[in-house]
Each structure stands twice: as C-alpha cells, then as structure tokens.
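Text of query-v2.cif (mmCIF, C-alpha atoms) as supplied:
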```cif
data_target
loop_
_atom_site.label_atom_id
_atom_site.label_comp_id
_atom_site.auth_asym_id
_atom_site.auth_seq_id
_atom_site.Cartn_x
_atom_site.Cartn_y
_atom_site.Cartn_z
CA MET I 1 0.00 0.00 0.00
CA LYS I 2 1.26 3.47 -0.87
CA ILE I 3 0.25 6.82 0.54
CA ARG I 4 -0.74 9.48 -1.97
CA PHE I 5 -1.78 13.06 -1.42
CA VAL I 6 -5.04 13.93 -3.17
CA ASN I 7 -7.11 17.10 -3.46
CA PRO I 8 -10.28 16.55 -1.37
CA SER I 9 -12.53 18.01 -4.09
CA GLU I 10 -11.51 15.13 -6.37
CA LEU I 11 -12.87 12.64 -3.87
CA PHE I 12 -16.24 14.29 -3.55
CA HIS I 13 -16.87 15.18 -7.17
CA SER I 14 -16.08 11.71 -8.50
CA HIS I 15 -19.40 10.46 -7.07
CA GLY I 16 -21.57 13.43 -7.88
CA PRO I 17 -23.39 15.71 -5.45
CA VAL I 18 -25.39 12.95 -3.69
CA VAL I 19 -22.52 11.54 -1.63
CA ARG I 20 -21.56 14.95 -0.30
CA GLN I 21 -22.77 15.00 3.31
CA HIS I 22 -21.44 18.02 5.16
CA PRO I 23 -21.34 17.61 8.96
CA LEU I 24 -23.29 20.83 9.47
CA SER I 25 -26.02 19.94 6.95
CA ASP I 26 -29.51 18.76 7.92
CA TYR I 27 -28.59 15.16 7.27
CA TYR I 28 -26.99 14.81 10.70
CA ASP I 29 -28.52 15.42 14.13
CA HIS I 30 -27.00 18.68 15.29
CA ASP I 31 -26.97 17.78 18.99
CA GLU I 32 -25.47 14.33 18.78
CA ILE I 33 -22.91 13.86 16.05
CA GLY I 34 -22.57 16.77 13.66
CA ILE I 35 -21.27 19.85 15.41
CA SER I 36 -19.29 18.25 18.22
CA THR I 37 -17.17 15.95 16.04
CA TYR I 38 -16.68 18.64 13.43
CA LEU I 39 -15.49 21.11 16.08
CA GLN I 40 -13.04 18.58 17.43
CA VAL I 41 -11.56 17.48 14.13
CA LEU I 42 -11.12 20.80 12.34
CA PRO I 43 -8.80 22.63 14.78
CA SER I 44 -6.69 19.54 15.43
CA ILE I 45 -6.04 19.15 11.69
CA ALA I 46 -5.31 22.85 11.38
CA LEU I 47 -2.72 22.58 14.16
CA TYR I 48 -1.10 19.22 13.55
CA GLY I 49 -2.05 18.00 10.08
CA PHE I 50 -3.11 14.41 9.54
CA LYS I 51 -2.07 11.53 11.76
CA TYR I 52 -4.00 8.80 9.94
CA ALA I 53 -4.56 8.42 6.21
CA VAL I 54 -8.04 8.20 4.69
CA PRO I 55 -8.78 4.76 3.19
CA ILE I 56 -10.62 4.86 -0.14
CA SER I 57 -11.84 2.12 -2.49
CA LYS I 58 -10.66 1.67 -6.04
CA SER I 59 -13.62 3.66 -7.30
CA ARG I 60 -12.51 6.54 -5.03
CA LYS I 61 -15.26 6.17 -2.46
CA ILE I 62 -14.29 7.21 1.05
CA LEU I 63 -14.44 4.21 3.39
CA ASP I 64 -13.56 5.97 6.61
CA GLY I 65 -12.87 9.61 7.54
CA ASN I 66 -15.59 11.57 5.78
CA PHE I 67 -15.37 14.41 8.31
CA ARG I 68 -11.62 14.73 7.97
CA ALA I 69 -11.86 15.05 4.22
CA PHE I 70 -14.38 17.90 4.59
CA CYS I 71 -12.11 19.65 7.08
CA ALA I 72 -9.20 19.36 4.68
CA GLU I 73 -11.27 20.88 1.92
CA GLU I 74 -12.11 23.89 4.09
CA LEU I 75 -8.50 24.34 5.17
CA GLY I 76 -7.14 23.90 1.65
CA ILE I 77 -4.88 20.95 2.48
CA LYS I 78 -4.30 17.79 0.48
CA VAL I 79 -5.55 14.54 2.04
CA PRO I 80 -3.20 11.58 2.57
CA VAL I 81 -5.02 8.67 0.98
CA ILE I 82 -4.56 4.91 0.75
CA ILE I 83 -6.28 2.98 -2.01
CA CYS I 84 -7.41 -0.34 -0.54
CA LYS I 85 -7.26 -3.50 -2.56
CA ASN I 86 -8.33 -6.23 -0.16
CA ASN I 87 -10.01 -6.49 3.23
CA ALA I 88 -11.59 -3.10 2.86
CA GLU I 89 -14.66 -4.11 4.84
CA ASN I 90 -12.71 -5.27 7.84
CA ARG I 91 -12.27 -1.84 9.38
CA SER I 92 -10.41 -2.73 12.57
CA ARG I 93 -7.74 -4.67 10.71
CA LEU I 94 -7.41 -1.95 8.15
CA ASN I 95 -7.02 0.79 10.74
CA TYR I 96 -4.27 -1.16 12.43
CA LYS I 97 -2.42 -1.42 9.14
CA LEU I 98 -2.79 2.29 8.45
CA LEU I 99 -1.48 3.22 11.85
CA TRP I 100 1.63 1.16 11.33
CA ILE I 101 2.31 2.57 7.87
CA ILE I 102 1.89 6.18 8.91
CA ARG I 103 4.22 5.77 11.85
CA LYS I 104 6.87 4.19 9.67
CA LEU I 105 6.71 6.38 6.60
CA VAL I 106 5.02 9.72 6.86
CA GLY I 107 4.00 10.42 10.48
CA LYS I 108 6.40 12.80 12.08
CA LYS I 109 7.68 14.45 8.90
CA TYR I 110 4.24 15.58 7.91
CA LEU I 111 3.41 16.70 11.42
CA PHE I 112 6.27 19.13 11.68
CA LYS I 113 6.01 20.40 8.12
CA ARG I 114 2.86 22.33 8.87
CA LYS I 115 4.08 23.77 12.12
CA TRP I 116 7.17 25.34 10.62
CA LYS I 117 5.17 26.82 7.76
CA ASN I 118 2.94 28.66 10.21
CA PRO I 119 4.02 32.34 9.99
CA ARG I 120 2.82 33.14 13.50
CA PHE I 121 4.95 30.39 14.95
CA ASN I 122 8.05 31.51 13.04
CA LYS I 123 7.67 35.17 14.02
CA LYS I 124 7.28 34.56 17.73
CA PHE I 125 10.03 31.95 17.81
CA ALA I 126 12.38 34.39 16.08
CA ARG I 127 11.45 37.06 18.60
CA VAL I 128 12.43 34.93 21.57
CA LEU I 129 15.64 33.88 19.82
CA SER I 130 16.59 37.44 18.92
CA TYR I 131 16.09 38.53 22.49
CA CYS I 132 18.32 35.74 23.75
CA ILE I 133 21.14 36.61 21.33
CA PHE I 134 21.03 40.40 21.06
CA GLN I 135 19.28 41.19 24.36
CA LYS I 136 16.62 43.32 22.65
CA ASN I 137 13.51 43.04 20.55
CA ILE I 138 14.32 43.45 16.89
CA LEU I 139 11.10 42.44 15.19
CA ASN I 140 8.59 44.58 17.06
CA GLU I 141 8.91 48.30 17.65
CA VAL I 142 8.99 48.80 21.39
CA ASP I 143 5.98 50.76 22.63
CA GLU I 144 6.14 52.95 25.68
CA THR I 145 5.40 50.92 28.78
CA PRO I 146 5.19 52.02 32.43
CA TYR I 147 8.24 49.88 33.17
CA LYS I 148 11.82 50.76 32.17
CA LYS I 149 13.21 47.28 31.76
CA GLN I 150 12.02 44.26 29.81
CA LEU I 151 11.80 41.13 31.93
CA LYS I 152 12.67 37.57 31.04
CA VAL I 153 10.06 35.23 32.50
CA LEU I 154 10.00 31.45 32.33
CA PHE I 155 6.89 29.46 33.21
CA ILE I 156 7.48 25.89 34.34
CA PHE I 157 4.34 23.76 33.99
CA ASP I 158 1.02 25.22 32.96
CA ILE I 159 -2.15 24.51 34.89
CA ALA I 160 -5.52 25.93 33.82
CA GLY I 161 -3.71 27.86 31.09
CA VAL I 162 -2.21 30.37 33.56
CA GLY I 163 1.27 30.25 32.05
CA ALA I 164 0.21 30.37 28.42
CA ASP I 165 -2.12 33.33 28.89
CA LEU I 166 0.36 35.32 30.98
CA ALA I 167 3.23 34.65 28.55
CA ASP I 168 1.06 35.83 25.68
CA TYR I 169 0.08 38.98 27.62
CA ILE I 170 3.72 39.80 28.42
CA ASN I 171 4.91 39.24 24.84
CA ARG I 172 2.10 41.23 23.23
CA ASN I 173 2.45 44.29 25.45
CA ASN I 174 6.27 44.36 25.31
CA PHE I 175 6.74 43.92 29.05
CA GLY I 176 9.41 41.39 28.19
CA VAL I 177 9.90 37.94 26.78
CA ALA I 178 8.18 34.90 28.21
CA TYR I 179 7.38 31.32 27.33
CA VAL I 180 6.18 28.09 28.92
CA VAL I 181 7.81 24.69 29.37
CA HIS I 182 5.14 22.03 29.79
CA ARG I 183 4.50 18.33 29.14
CA GLU I 184 2.17 17.35 26.31
CA GLN I 185 0.52 14.63 28.40
CA PHE I 186 -0.98 17.28 30.69
CA ASP I 187 -1.96 19.76 28.00
CA ARG I 188 -5.40 18.22 27.51
CA PHE I 189 -7.23 21.09 25.87
CA TYR I 190 -4.50 22.48 23.59
CA MET I 191 -4.08 25.62 25.76
CA THR I 192 -0.28 25.72 25.80
CA ARG I 193 0.25 24.22 22.36
CA SER I 194 -1.93 26.85 20.69
CA PHE I 195 0.96 29.33 21.10
CA GLY I 196 3.76 28.07 18.89
CA TYR I 197 6.71 29.42 20.89
CA ASN I 198 5.93 27.37 24.02
CA ILE I 199 7.95 24.20 24.52
CA VAL I 200 5.60 21.25 24.97
CA PRO I 201 7.43 17.95 24.42
CA ARG I 202 5.90 14.49 24.83
CA CYS I 203 8.47 12.83 27.09
CA SER I 204 9.20 11.11 30.38
CA VAL I 205 9.82 12.96 33.66
CA LYS I 206 13.60 12.52 33.48
CA LYS I 207 13.80 13.98 29.99
CA PHE I 208 11.52 16.82 30.99
CA ILE I 209 13.77 17.74 33.92
CA LEU I 210 16.72 17.89 31.51
CA ILE I 211 14.77 20.16 29.18
CA VAL I 212 13.87 22.50 32.04
CA ILE I 213 17.49 22.66 33.20
CA LYS I 214 18.59 23.48 29.64
CA GLN I 215 16.10 26.36 29.48
CA LEU I 216 17.26 27.69 32.86
CA LEU I 217 20.92 27.65 31.81
CA PHE I 218 20.54 29.21 28.35
CA PHE I 219 17.56 31.56 28.75
CA LYS I 220 18.73 32.86 32.16
CA PRO I 221 15.30 34.08 33.29
CA GLU I 222 14.97 36.86 35.83
CA ILE I 223 11.71 35.44 37.12
CA VAL I 224 10.64 31.79 37.20
CA HIS I 225 6.94 31.14 37.69
CA ILE I 226 6.28 27.52 38.69
CA ASN I 227 2.77 26.07 38.61
CA ALA I 228 2.04 23.27 41.09
CA TRP I 229 5.24 21.24 40.59
CA SER I 230 6.91 21.97 43.92
CA LYS I 231 10.08 19.93 43.28
CA ALA I 232 10.98 22.29 40.44
CA VAL I 233 11.90 24.85 43.11
CA LEU I 234 14.95 22.77 44.01
CA PHE I 235 16.61 22.64 40.64
CA THR I 236 15.75 26.23 39.72
CA LYS I 237 17.59 27.26 42.88
CA ILE I 238 20.59 25.19 41.81
CA PHE I 239 20.76 26.05 38.09
CA ALA I 240 19.45 29.63 38.18
CA PRO I 241 20.36 30.95 41.64
CA LYS I 242 19.96 34.61 40.73
CA SER I 243 16.40 34.37 39.41
CA LYS I 244 13.38 35.05 41.60
CA ILE I 245 11.06 32.12 42.20
CA ILE I 246 7.29 32.34 42.33
CA ILE I 247 5.22 29.22 42.95
CA GLN I 248 1.48 28.96 42.47
CA PHE I 249 -0.78 26.19 43.75
CA HIS I 250 -4.09 25.23 42.11
CA GLY I 251 -6.74 23.13 43.82
CA THR I 252 -5.72 19.54 44.48
CA ASP I 253 -1.99 20.30 44.58
CA LEU I 254 -2.42 21.79 48.03
CA ARG I 255 -5.89 20.74 49.25
CA GLY I 256 -5.43 18.52 52.30
CA LYS I 257 -1.63 18.71 52.10
CA LYS I 258 1.19 20.69 53.67
CA ILE I 259 3.44 23.09 51.83
CA PRO I 260 6.87 21.38 51.55
CA TRP I 261 9.73 22.87 53.59
CA TYR I 262 11.93 23.58 50.57
CA VAL I 263 9.20 25.63 48.96
CA LYS I 264 8.95 27.82 52.08
CA LEU I 265 12.73 28.15 52.22
CA PHE I 266 13.67 28.89 48.62
CA SER I 267 10.67 30.54 46.95
CA ASN I 268 10.21 34.31 47.05
CA LYS I 269 6.40 34.32 46.76
CA ILE I 270 3.78 31.60 47.27
CA LEU I 271 0.55 32.19 45.38
CA VAL I 272 -2.77 30.44 45.64
CA SER I 273 -5.43 30.45 42.92
CA THR I 274 -8.54 29.91 45.07
CA LYS I 275 -9.52 31.49 48.38
CA ASP I 276 -10.11 28.21 50.23
CA LEU I 277 -6.40 27.35 49.93
CA LEU I 278 -5.18 30.48 51.76
CA ARG I 279 -2.64 29.86 54.54
CA LYS I 280 0.13 31.73 56.36
CA LYS I 281 2.41 33.76 54.08
CA THR I 282 0.42 32.96 50.94
CA ILE I 283 -1.19 35.46 48.57
CA TYR I 284 -4.46 34.98 46.68
CA MET I 285 -4.13 35.55 42.92
CA GLY I 286 -6.96 34.15 40.80
CA VAL I 287 -6.70 32.57 37.38
CA PRO I 288 -6.12 35.31 34.77
CA LEU I 289 -8.10 35.05 31.55
CA GLY I 290 -6.50 35.77 28.20
CA ASP I 291 -8.14 37.46 25.21
CA MET Q 1 -35.77 33.85 19.51
CA ILE Q 2 -33.83 33.44 22.77
CA LYS Q 3 -32.69 29.94 23.66
CA ILE Q 4 -32.72 28.90 27.31
CA GLU Q 5 -30.25 26.06 27.55
CA ALA Q 6 -27.68 24.69 29.98
CA LEU Q 7 -24.24 23.20 29.45
CA PHE Q 8 -22.53 20.67 31.72
CA THR Q 9 -19.08 19.17 31.36
CA ARG Q 10 -18.34 15.79 32.93
CA THR Q 11 -15.01 15.66 34.75
CA TYR Q 12 -13.24 13.43 37.22
CA PRO Q 13 -13.01 12.45 40.11
CA ILE Q 14 -16.51 13.61 41.03
CA ASP Q 15 -19.27 13.11 38.49
CA LYS Q 16 -22.39 15.17 39.24
CA LEU Q 17 -24.49 14.34 36.20
CA LYS Q 18 -27.58 13.41 38.28
CA GLU Q 19 -27.63 16.78 40.02
CA ALA Q 20 -27.29 18.56 36.69
CA ILE Q 21 -30.27 16.62 35.31
CA ASN Q 22 -32.34 17.38 38.42
CA PHE Q 23 -31.60 21.11 38.18
CA CYS Q 24 -32.63 21.19 34.53
CA GLN Q 25 -35.86 19.26 35.16
CA GLU Q 26 -36.86 21.65 37.94
CA ASN Q 27 -36.23 24.74 35.83
CA ASN Q 28 -37.37 23.37 32.43
CA LEU Q 29 -33.97 23.77 30.78
CA LYS Q 30 -32.63 21.81 27.85
CA LEU Q 31 -29.39 20.14 28.97
CA THR Q 32 -26.35 19.36 26.84
CA VAL Q 33 -23.57 17.24 28.27
CA ILE Q 34 -19.96 17.08 27.08
CA ASN Q 35 -17.50 14.37 28.11
CA ARG Q 36 -14.28 16.35 28.18
CA ILE Q 37 -12.06 13.99 30.13
CA SER Q 38 -13.26 10.47 29.33
CA ASP Q 39 -12.74 10.91 25.59
CA PHE Q 40 -9.13 12.10 25.99
CA PRO Q 41 -6.95 12.15 23.88
CA ILE Q 42 -9.00 11.62 20.71
CA ASN Q 43 -12.23 13.54 21.06
CA THR Q 44 -11.48 16.44 23.41
CA ILE Q 45 -12.87 19.83 22.48
CA PRO Q 46 -9.99 22.32 22.30
CA HIS Q 47 -10.06 25.34 24.57
CA LYS Q 48 -10.67 27.91 21.83
CA GLN Q 49 -13.63 26.00 20.42
CA PHE Q 50 -15.05 25.57 23.92
CA LEU Q 51 -15.18 29.37 24.34
CA LYS Q 52 -17.25 29.66 21.15
CA LEU Q 53 -19.59 26.93 22.41
CA LEU Q 54 -20.16 28.73 25.72
CA LYS Q 55 -21.67 31.73 23.95
CA CYS Q 56 -24.58 29.57 22.72
CA PHE Q 57 -25.81 28.81 26.25
CA ASP Q 58 -27.57 30.70 29.03
CA TYR Q 59 -26.50 28.54 31.95
CA TYR Q 60 -23.23 26.78 32.73
CA LEU Q 61 -23.37 24.13 35.45
CA ASP Q 62 -20.03 24.30 37.28
CA LEU Q 63 -20.64 21.25 39.48
CA LYS Q 64 -17.29 19.83 40.54
CA GLY Q 65 -17.84 19.07 44.21
CA LEU Q 66 -15.97 22.10 45.58
CA THR Q 67 -17.26 25.20 43.83
CA THR Q 68 -18.81 28.00 45.90
CA SER Q 69 -19.51 31.68 45.37
CA ASP Q 70 -15.80 32.35 46.12
CA VAL Q 71 -14.27 29.34 44.39
CA LEU Q 72 -14.86 28.85 40.67
CA SER Q 73 -13.16 26.66 38.10
CA ARG Q 74 -11.45 28.09 35.03
CA SER Q 75 -14.31 27.07 32.74
CA GLY Q 76 -16.72 28.69 35.20
CA LEU Q 77 -14.82 31.96 34.90
CA GLU Q 78 -14.81 31.71 31.11
CA ALA Q 79 -18.55 31.07 31.17
CA LEU Q 80 -19.14 34.21 33.25
CA ARG Q 81 -17.14 36.24 30.77
CA ALA Q 82 -19.13 34.75 27.89
CA GLY Q 83 -22.35 35.99 29.53
CA CYS Q 84 -23.65 32.74 31.07
CA LYS Q 85 -25.16 32.35 34.53
CA VAL Q 86 -23.13 29.86 36.56
CA LEU Q 87 -24.57 27.30 38.97
CA VAL Q 88 -22.20 26.18 41.76
CA ASP Q 89 -22.26 23.23 44.17
CA THR Q 90 -23.80 25.22 47.04
CA GLY Q 91 -26.86 25.88 44.87
CA GLU Q 92 -26.21 29.57 44.21
CA ILE Q 93 -26.43 31.10 40.76
CA ILE Q 94 -23.59 33.53 40.11
CA THR Q 95 -23.61 36.40 37.68
CA ASP Q 96 -20.70 38.52 39.00
CA PHE Q 97 -17.25 37.55 40.14
CA LYS Q 98 -14.18 39.66 40.95
CA MET Q 99 -11.47 38.42 38.59
CA THR Q 100 -7.73 39.03 38.72
CA SER Q 101 -6.31 40.62 35.60
CA PRO Q 102 -2.95 39.58 34.11
CA ASP Q 103 -1.75 43.12 34.86
CA ASP Q 104 -1.69 42.26 38.59
CA TYR Q 105 0.75 39.46 37.86
CA VAL Q 106 3.03 41.75 35.82
CA LYS Q 107 3.07 44.30 38.66
CA LEU Q 108 4.08 41.55 41.08
CA TYR Q 109 6.93 40.46 38.78
CA PHE Q 110 8.33 43.97 38.53
CA GLU Q 111 7.99 44.57 42.27
CA LEU Q 112 9.95 41.40 42.95
CA PHE Q 113 12.60 42.27 40.39
CA GLU Q 114 13.13 45.82 41.69
CA SER Q 115 13.21 44.70 45.33
CA SER Q 116 16.34 42.65 44.59
CA LYS Q 117 18.40 45.71 43.50
#
```

Could you write out this structure as structure tokens?
Amino acid sequence: MKIRFVNPSELFHSHGPVVRQHPLSDYYDHDEIGISTYLQVLPSIALYGFKYAVPISKSRKILDGNFRAFCAEELGIKVPVIICKNNAENRSRLNYKLLWIIRKLVGKKYLFKRKWKNPRFNKKFARVLSYCIFQKNILNEVDETPYKKQLKVLFIFDIAGVGADLADYINRNNFGVAYVVHREQFDRFYMTRSFGYNIVPRCSVKKFILIVIKQLLFFKPEIVHINAWSKAVLFTKIFAPKSKIIIQFHGTDLRGKKIPWYVKLFSNKILVSTKDLLRKKTIYMGVPLGD
Amino acid sequence: MIKIEALFTRTYPIDKLKEAINFCQENNLKLTVINRISDFPINTIPHKQFLKLLKCFDYYLDLKGLTTSDVLSRSGLEALRAGCKVLVDTGEIITDFKMTSPDDYVKLYFELFESSK
C-alpha cells in the first residue's frame, strides 16, 4: 500500500453531489454527532495535520474519515489517501495497518512540516531567539510601557492555562519575553500548544527535567513562575540561583496537604489560585483570563 | 428567539451528572452534556472552540464538588465572561465575580525584580 496526497474536491466530485454530506447539513442530528465531532476534528487538523490516512476504495469512495476530508477541503490541504485493494470491509484490521504505515513512513515528517510553515509560529520563535542573542527586541517596535526594563520570565508547567495566557500577555504588550515549558501529556485542551513558541514535548519525567534545566541555563530568566510542581523549586535554585522564584498552587496540589519545607525556604512568593487554599504567608491571585 | 439552555461538562473524580439533570428538570432547561475527560486524547474539544460553544448557552453548570460563590473553576470563569449564569455546588447562581487581571501578575513580577536591587 502506498500513501498518496489527493485534493479533497476530487474525492467528492467523482461520485456526484449525492454523496456529499457536510457535517453541518440537515442530514446529521445537530446535537449528537454533527457539530461536536466537526469542532473537534477541524482545529486539530489545522494545528497538527493528519495523523491517519483516509482509506478509499478503487472507485474513489471514502471508506472511513468523511469528516476529515471535509475539514481538509475547508483548510485547503491535500488529504493523505490509501487505495485499498483487499479487506476493505474489515475496518479494525485496516485501521491497524494504516497506523503502522503512517508511523513508519510519513507520520512525524508531515506533522512538523505544517508547524514550521505557520508564519505566526516563526515570528514569535524568532522574537524569543533574537532577544536571547542580542538582548533586545528586533522584530517589534517597542511601545512605551510604564516599566523601564524588559523582563525575562520562564513558566514551568502550565495549569488551567495560567502560564500560556500570561506569557502571551507579556509578549504582546512588550513587558518582556516569556514562554512556557510544559509536558504534552498534561496539556489536555491544547491551551499551551496553541501558542507556537511554548515548549511542549511528549516525554518522560527525566527527559523533561533535563529540558527545564537546559532552558534555565541558556535563557537565564529573571523570574521563574512555577505552577504546582513543587520539586521544580529545588533545581531552579541550583541552576538559576539569581532568578526570583514564584510558585502557584491550584486546587488539588495543596488541598489537604502541607506546603513542603523547601518551597517555604527557597521561593520568594507563594501564590494560591482559590480562596479556600489560603494559609500563612500565601497570597491569593486568581486565574487570569487571556483574550 | 432566545434559547434557554444549559451546558454541563463531565469531569473526574466527582461526576455530578444526576444533580445537573435534576436542576434542569426543575427549571425546564434543555441540557447538553460534554464528556471532556473520558474521551481524551481523541475527542477532546480544544479550549478555543469551547469558548465559542459557551456563547450559545444561558446557563453553565459548574458542578465539581468544591465550587462555591468564592471558588470557581477556570471554565466557570470563562462562562461568566461569555455571559452565562453559573450554577455552583452550594446551589447559588452567580452572575458577577471579581477576577484578577494579568496586569496584577506583571506588577508583582516587577515589584519582585526591583526589590532585589
């Protein structure tokens, strides 16, 4: 089996107008299937491209993945397609085959292709890089701000989108340069990944610690904002001793537990995102909402 | 025509679907339920699309076992900003909430930075 890239309009027009069933048309029940699946599929394809190919028969009839083909047509992307010869009716077996092929051949290449082409991603990434090398913002003209200096802020972990929203706010208003280091496993609702300059790898804990240490050594942040992960205080103190440490707890991180001794000792401020978590020497700061 | 509908998202560890159904039956509201966690990682609704969805509803049921008039979840806050009324676990319906702006955080960063000099 070979993977080919086909224009989605070719797939639909080969069978005439009858086969064309748009997810938002009257054919589907709006409450149950139509809107919800369509809303889930479209943004994920826009962000990450295709993970699985669309199986089609020899007569170019779509066997599985009708929604995805419609999304591709709206986004103007070509669809990766596999023409099935045998066992086309046995869906589960076929899907297993497709998964294997995509992982081996196309998978990761195609994923990253789209991300690098994204102009927004490139611009913001270049901005952070330029600041690291030349110590000033080259791409954007600096507006007048109430503050004299531009800060370098690093967010470790991102819970309830606090880090991503704050980093975006700081970057947009020229208060400084900021980005988030987070694990993909915990970014359930694509909050952190929606901003291209944030670092969100899919990795184990050990690898993630190495990545964080690398950021601390090379970015040299003036302020480190840690969300929930209290052990991160220890290695920020070791690898970036001059930077100020802020730690913020959200809900179950602190509910029914004690604040660890090293957090009290090394952190400069301890924040709490809900009022029921307030204790001695903690400050209440709610969850900020982005635009 | 104005729609009077309610939205409820199922989360873990506490599932309060029964209470959501009871509230909607008492007040004659049409309920829509979204499984945000159980379908992870394939069928989750991304955050940006969720904000657009919230604007279609009048009520958001923020039932997570711990929410009060002082304690709201992130999606509860987003719902308030989108113009929904929010039901919390204590039975109150909230329309106003004092939110912290990102500017407060920036002030705190600069205060900390200048205090070190």

Q) CA of Ile283 (chain I) to CA of Tyr147 (chain I): how many Å, to one decimal? A) 23.1 Å

Q.
Taking only C-alpha atoms into account and nothing else, which residues of chain Q lie no more than 7 Å away from chain I? Please answer as a list in words.
A.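 Within 7 Å of chain I on chain Q, we get Asn43, Thr44, Ile45, Pro46, His47, Gln49, Asp70, Val71, Arg74, Met99, Thr100, Ser101 and Pro102 of chain Q.
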
Same residues, C-alpha atoms, output as an mmCIF file, in the coordinates of the input:
```cif
data_model
loop_
_atom_site.group_PDB
_atom_site.id
_atom_site.type_symbol
_atom_site.label_atom_id
_atom_site.label_comp_id
_atom_site.auth_asym_id
_atom_site.auth_seq_id
_atom_site.Cartn_x
_atom_site.Cartn_y
_atom_site.Cartn_z
ATOM 1 C CA ASN Q 43 -12.230 13.540 21.060
ATOM 2 C CA THR Q 44 -11.480 16.440 23.410
ATOM 3 C CA ILE Q 45 -12.870 19.830 22.480
ATOM 4 C CA PRO Q 46 -9.990 22.320 22.300
ATOM 5 C CA HIS Q 47 -10.060 25.340 24.570
ATOM 6 C CA GLN Q 49 -13.630 26.000 20.420
ATOM 7 C CA ASP Q 70 -15.800 32.350 46.120
ATOM 8 C CA VAL Q 71 -14.270 29.340 44.390
ATOM 9 C CA ARG Q 74 -11.450 28.090 35.030
ATOM 10 C CA MET Q 99 -11.470 38.420 38.590
ATOM 11 C CA THR Q 100 -7.730 39.030 38.720
ATOM 12 C CA SER Q 101 -6.310 40.620 35.600
ATOM 13 C CA PRO Q 102 -2.950 39.580 34.110
#
```

Could you put an axis-aligned box around every listed atom of region 22-36 of chain Q, padded by 6 Å on each side, and send me its centre and edge lengths in Å to one decimal, as JSON?
```
{"center_x": -25.8, "center_y": 19.6, "center_z": 32.6, "size_x": 35.1, "size_y": 22.4, "size_z": 23.6}
```

Q: Give as a PyMOL selection string the residues that the PyMOL selection byres ((chain Q and resi 29) around 12) matches when applied to the coordinates above.
A: chain Q and resi 3-8+20-28+30-32+57-61

Q) Using all atoms listed in the file, which of the listed residues (I:Val81, I:Arg60, I:Glu184, I:Arg68) sits closest to Ser204 (chain I)? A)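 Answer, going by the shortest atom-to-atom distance: I:Glu184.
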
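Closest approach to Gly83 (chain Q) among Q:Ser115, Q:Thr9, Q:Thr95, Q:Asn35: Q:Thr95, based on only C-alpha atoms.
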
Skipping near chain neighbours, those fewer than 6 positions away, what residues fall within 8 Å of region 75-79 of chain Q using all atoms listed in the file, listed as a PDB file with C-alpha atoms, in the frame of the given file?
```pdb
ATOM      1  CA  LEU I 289      -8.100  35.050  31.550  1.00  0.00           C
TER       2      LEU I 289
ATOM      3  CA  LEU Q  51     -15.180  29.370  24.340  1.00  0.00           C
ATOM      4  CA  LEU Q  54     -20.160  28.730  25.720  1.00  0.00           C
ATOM      5  CA  LYS Q  55     -21.670  31.730  23.950  1.00  0.00           C
ATOM      6  CA  TYR Q  60     -23.230  26.780  32.730  1.00  0.00           C
ATOM      7  CA  ASP Q  62     -20.030  24.300  37.280  1.00  0.00           C
ATOM      8  CA  LYS Q  85     -25.160  32.350  34.530  1.00  0.00           C
ATOM      9  CA  VAL Q  86     -23.130  29.860  36.560  1.00  0.00           C
TER      10      VAL Q  86
END
```

Q: Kindly give the distance, in Å, that separates CA of Pro221 (chain I) and CA of Ala240 (chain I), rounded to a single decimal.
A: 7.8 Å

**Q.** Explicit residue set for the PyMOL selection byres ((chain Q and resi 64) around 10), as a list of chain:residue names
**A.**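 Applied to this file, the PyMOL selection byres ((chain Q and resi 64) around 10) returns Q:Thr9, Q:Arg10, Q:Thr11, Q:Tyr12, Q:Pro13, Q:Ile14, Q:Asp15, Q:Lys16, Q:Leu61, Q:Asp62, Q:Leu63, Q:Gly65, Q:Leu66, Q:Thr67, Q:Thr68, Q:Leu72, Q:Ser73, Q:Val88, Q:Asp89.
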
Q. Quick one: of I:Ile82, I:Leu75, I:Ile62, I:Ala164, who's nearest to Ile45 (chain I), counting all atoms listed in the file?
A. I:Leu75

Final N, CA and C atoms of region 85-97 of chain Q as a JSON list (two decimals), keeping the file's coordinate frame:
```
[["chain", "number", "residue", "atom", "x", "y", "z"],
["Q", 85, "LYS", "N", -24.98, 32.40, 33.07],
["Q", 85, "LYS", "CA", -25.16, 32.35, 34.53],
["Q", 85, "LYS", "C", -24.56, 31.02, 34.98],
["Q", 86, "VAL", "N", -23.86, 31.06, 36.13],
["Q", 86, "VAL", "CA", -23.13, 29.86, 36.56],
["Q", 86, "VAL", "C", -23.73, 29.28, 37.83],
["Q", 87, "LEU", "N", -24.07, 28.00, 37.78],
["Q", 87, "LEU", "CA", -24.57, 27.30, 38.97],
["Q", 87, "LEU", "C", -23.41, 26.62, 39.67],
["Q", 88, "VAL", "N", -23.29, 26.82, 41.01],
["Q", 88, "VAL", "CA", -22.20, 26.18, 41.76],
["Q", 88, "VAL", "C", -22.76, 25.11, 42.70],
["Q", 89, "ASP", "N", -21.86, 24.37, 43.36],
["Q", 89, "ASP", "CA", -22.26, 23.23, 44.17],
["Q", 89, "ASP", "C", -23.14, 23.59, 45.37],
["Q", 90, "THR", "N", -22.99, 24.83, 45.89],
["Q", 90, "THR", "CA", -23.80, 25.22, 47.04],
["Q", 90, "THR", "C", -25.23, 25.59, 46.63],
["Q", 91, "GLY", "N", -25.51, 25.60, 45.34],
["Q", 91, "GLY", "CA", -26.86, 25.88, 44.87],
["Q", 91, "GLY", "C", -27.09, 27.33, 44.45],
["Q", 92, "GLU", "N", -26.06, 28.16, 44.59],
["Q", 92, "GLU", "CA", -26.21, 29.57, 44.21],
["Q", 92, "GLU", "C", -26.02, 29.73, 42.70],
["Q", 93, "ILE", "N", -26.66, 30.76, 42.17],
["Q", 93, "ILE", "CA", -26.43, 31.10, 40.76],
["Q", 93, "ILE", "C", -25.68, 32.42, 40.70],
["Q", 94, "ILE", "N", -24.51, 32.39, 40.08],
["Q", 94, "ILE", "CA", -23.59, 33.53, 40.11],
["Q", 94, "ILE", "C", -23.62, 34.28, 38.78],
["Q", 95, "THR", "N", -23.68, 35.59, 38.90],
["Q", 95, "THR", "CA", -23.61, 36.40, 37.68],
["Q", 95, "THR", "C", -22.40, 37.34, 37.68],
["Q", 96, "ASP", "N", -21.88, 37.64, 38.89],
["Q", 96, "ASP", "CA", -20.70, 38.52, 39.00],
["Q", 96, "ASP", "C", -19.60, 37.85, 39.79],
["Q", 97, "PHE", "N", -18.38, 38.12, 39.40],
["Q", 97, "PHE", "CA", -17.25, 37.55, 40.14],
["Q", 97, "PHE", "C", -16.05, 38.49, 39.95]]
```
